[in-house]
Amino acid sequence: ALIQALAKPLRERGADIVFVTGMAPLRSVAAPPQAAAAQGALAGLVRSLPRALAPNVRANVLALGTLDGGTAGRIETAFTSSQERFSALHRVGTAPEIAEAIRWLALDNTYLSGAVIPAAGGL
């Protein structure tokens, strides 16, 4: 209902919509099933929005891996260490890196739409 209510003004003005989720839409993760289902539903929504709102609206979702600080501060050190070890970059991400990705998707991106983009350091 929200998308239907916003569809006309979004199409008229144009917009870039950026959602943020976890990695569950892309791979099996240690997440409660209901969280994984919600994240998967968001990914499905984002994949369908480009056709529903085209051509002036782009929608993407950034799927986050482990980040430094925030909830990662409450995660066991062994888990964070394993994320660093298995990541292609051998580290976790930072809030400024994610903010820059969101900024690019919202302001500079002119073509990418309907994508679920991993931001997990190559996990």
# chains A, B, ... in the order shown; residues from 1 in each chain; ligands from 1
>>> select_by_dssp(residues="chain A", states="strand (DSSP E or B)", output="PyMOL selection string")
chain A and resi 15-21+57-64+67+93+115-119
>>> closest_atom_pairs(of="stretch 34-116 of chain A", to="stretch 5-26 of chain A", cutoff="12 Å", atoms="only C-alpha atoms", output="CSV")
residue,atom,partner,partner_atom,distance
A:Gln34,CA,A:Ala24,CA,10.6
A:Ala35,CA,A:Ala24,CA,8.1
A:Ala36,CA,A:Ala24,CA,5.2
A:Ala37,CA,A:Ala24,CA,8.1
A:Ala38,CA,A:Pro25,CA,9.0
A:Gln39,CA,A:Pro25,CA,5.9
A:Gly40,CA,A:Pro25,CA,4.7
A:Ala41,CA,A:Pro25,CA,8.3
A:Leu42,CA,A:Thr21,CA,7.9
A:Ala43,CA,A:Pro25,CA,6.4
A:Gly44,CA,A:Pro25,CA,8.9
A:Leu45,CA,A:Phe19,CA,10.2
A:Val46,CA,A:Phe19,CA,8.2
A:Arg47,CA,A:Phe19,CA,11.6
A:Leu49,CA,A:Ile17,CA,9.6
A:Pro50,CA,A:Ile17,CA,10.2
A:Arg51,CA,A:Arg11,CA,11.3
A:Ala52,CA,A:Ala7,CA,8.1
A:Leu53,CA,A:Arg11,CA,6.1
A:Ala54,CA,A:Arg11,CA,7.1
A:Pro55,CA,A:Arg11,CA,7.4
A:Asn56,CA,A:Gly14,CA,4.5
A:Val57,CA,A:Ala15,CA,4.7
A:Arg58,CA,A:Asp16,CA,4.8
A:Ala59,CA,A:Ile17,CA,4.5
A:Asn60,CA,A:Val18,CA,5.2
A:Val61,CA,A:Phe19,CA,4.5
A:Leu62,CA,A:Val20,CA,4.8
A:Ala63,CA,A:Gly22,CA,4.8
A:Leu64,CA,A:Gly22,CA,4.9
A:Gly65,CA,A:Met23,CA,6.1
A:Thr66,CA,A:Gly22,CA,8.9
A:Leu67,CA,A:Gly22,CA,11.0
A:Ile98,CA,A:Val20,CA,9.7
A:Ala99,CA,A:Val20,CA,10.8
A:Ala101,CA,A:Val18,CA,9.8
A:Ile102,CA,A:Val18,CA,6.7
A:Arg103,CA,A:Val18,CA,9.1
A:Trp104,CA,A:Val18,CA,10.0
A:Leu105,CA,A:Val18,CA,6.8
A:Ala106,CA,A:Asp16,CA,5.1
A:Leu107,CA,A:Asp16,CA,7.4
A:Asp108,CA,A:Asp16,CA,9.6
A:Asn109,CA,A:Asp16,CA,8.3
A:Thr110,CA,A:Asp16,CA,8.9
A:Tyr111,CA,A:Asp16,CA,10.4
A:Leu112,CA,A:Asp16,CA,10.0
A:Ser113,CA,A:Asp16,CA,8.8
A:Gly114,CA,A:Ile17,CA,10.0
A:Ala115,CA,A:Val18,CA,10.0
A:Val116,CA,A:Leu26,CA,8.0
>>> residues_around(residues="A:Ala88", least_positions_apart="5", cutoff="10 Å", atoms="only C-alpha atoms", output="list in words")
Gln83, Ala120, Gly121, Gly122 and Leu123 of chain A
>>> write_last_selection(atoms="C-alpha atoms", output="short mmCIF file (atom, residue, chain, number, x, y, z; two decimals), in the first residue's frame")
data_model
loop_
_atom_site.label_atom_id
_atom_site.label_comp_id
_atom_site.auth_asym_id
_atom_site.auth_seq_id
_atom_site.Cartn_x
_atom_site.Cartn_y
_atom_site.Cartn_z
CA GLN A 83 34.69 -12.70 9.49
CA ALA A 120 30.77 -7.65 3.13
CA GLY A 121 34.40 -7.30 2.13
CA GLY A 122 34.27 -10.18 -0.32
CA LEU A 123 32.66 -12.80 1.91
#
>>> closest_residue(among="A:Ile117, A:Ile3, A:Asp68, A:Ser48", to="A:Gly93", atoms="only C-alpha atoms")
A:Asp68
>>> atom_distance(atom1="atom CA of A:Ser87", atom2="atom CA of A:Pro32")
22.5 Å
>>> atom_distance(atom1="atom CA of A:Pro33", atom2="atom CA of A:Ala119")
21.3 Å
>>> select_by_dssp(residues="chain A", states="helix (DSSP H, G or I)", output="ChimeraX atom specification")
/A:2-13,33-53,70-74,77-86,95-108
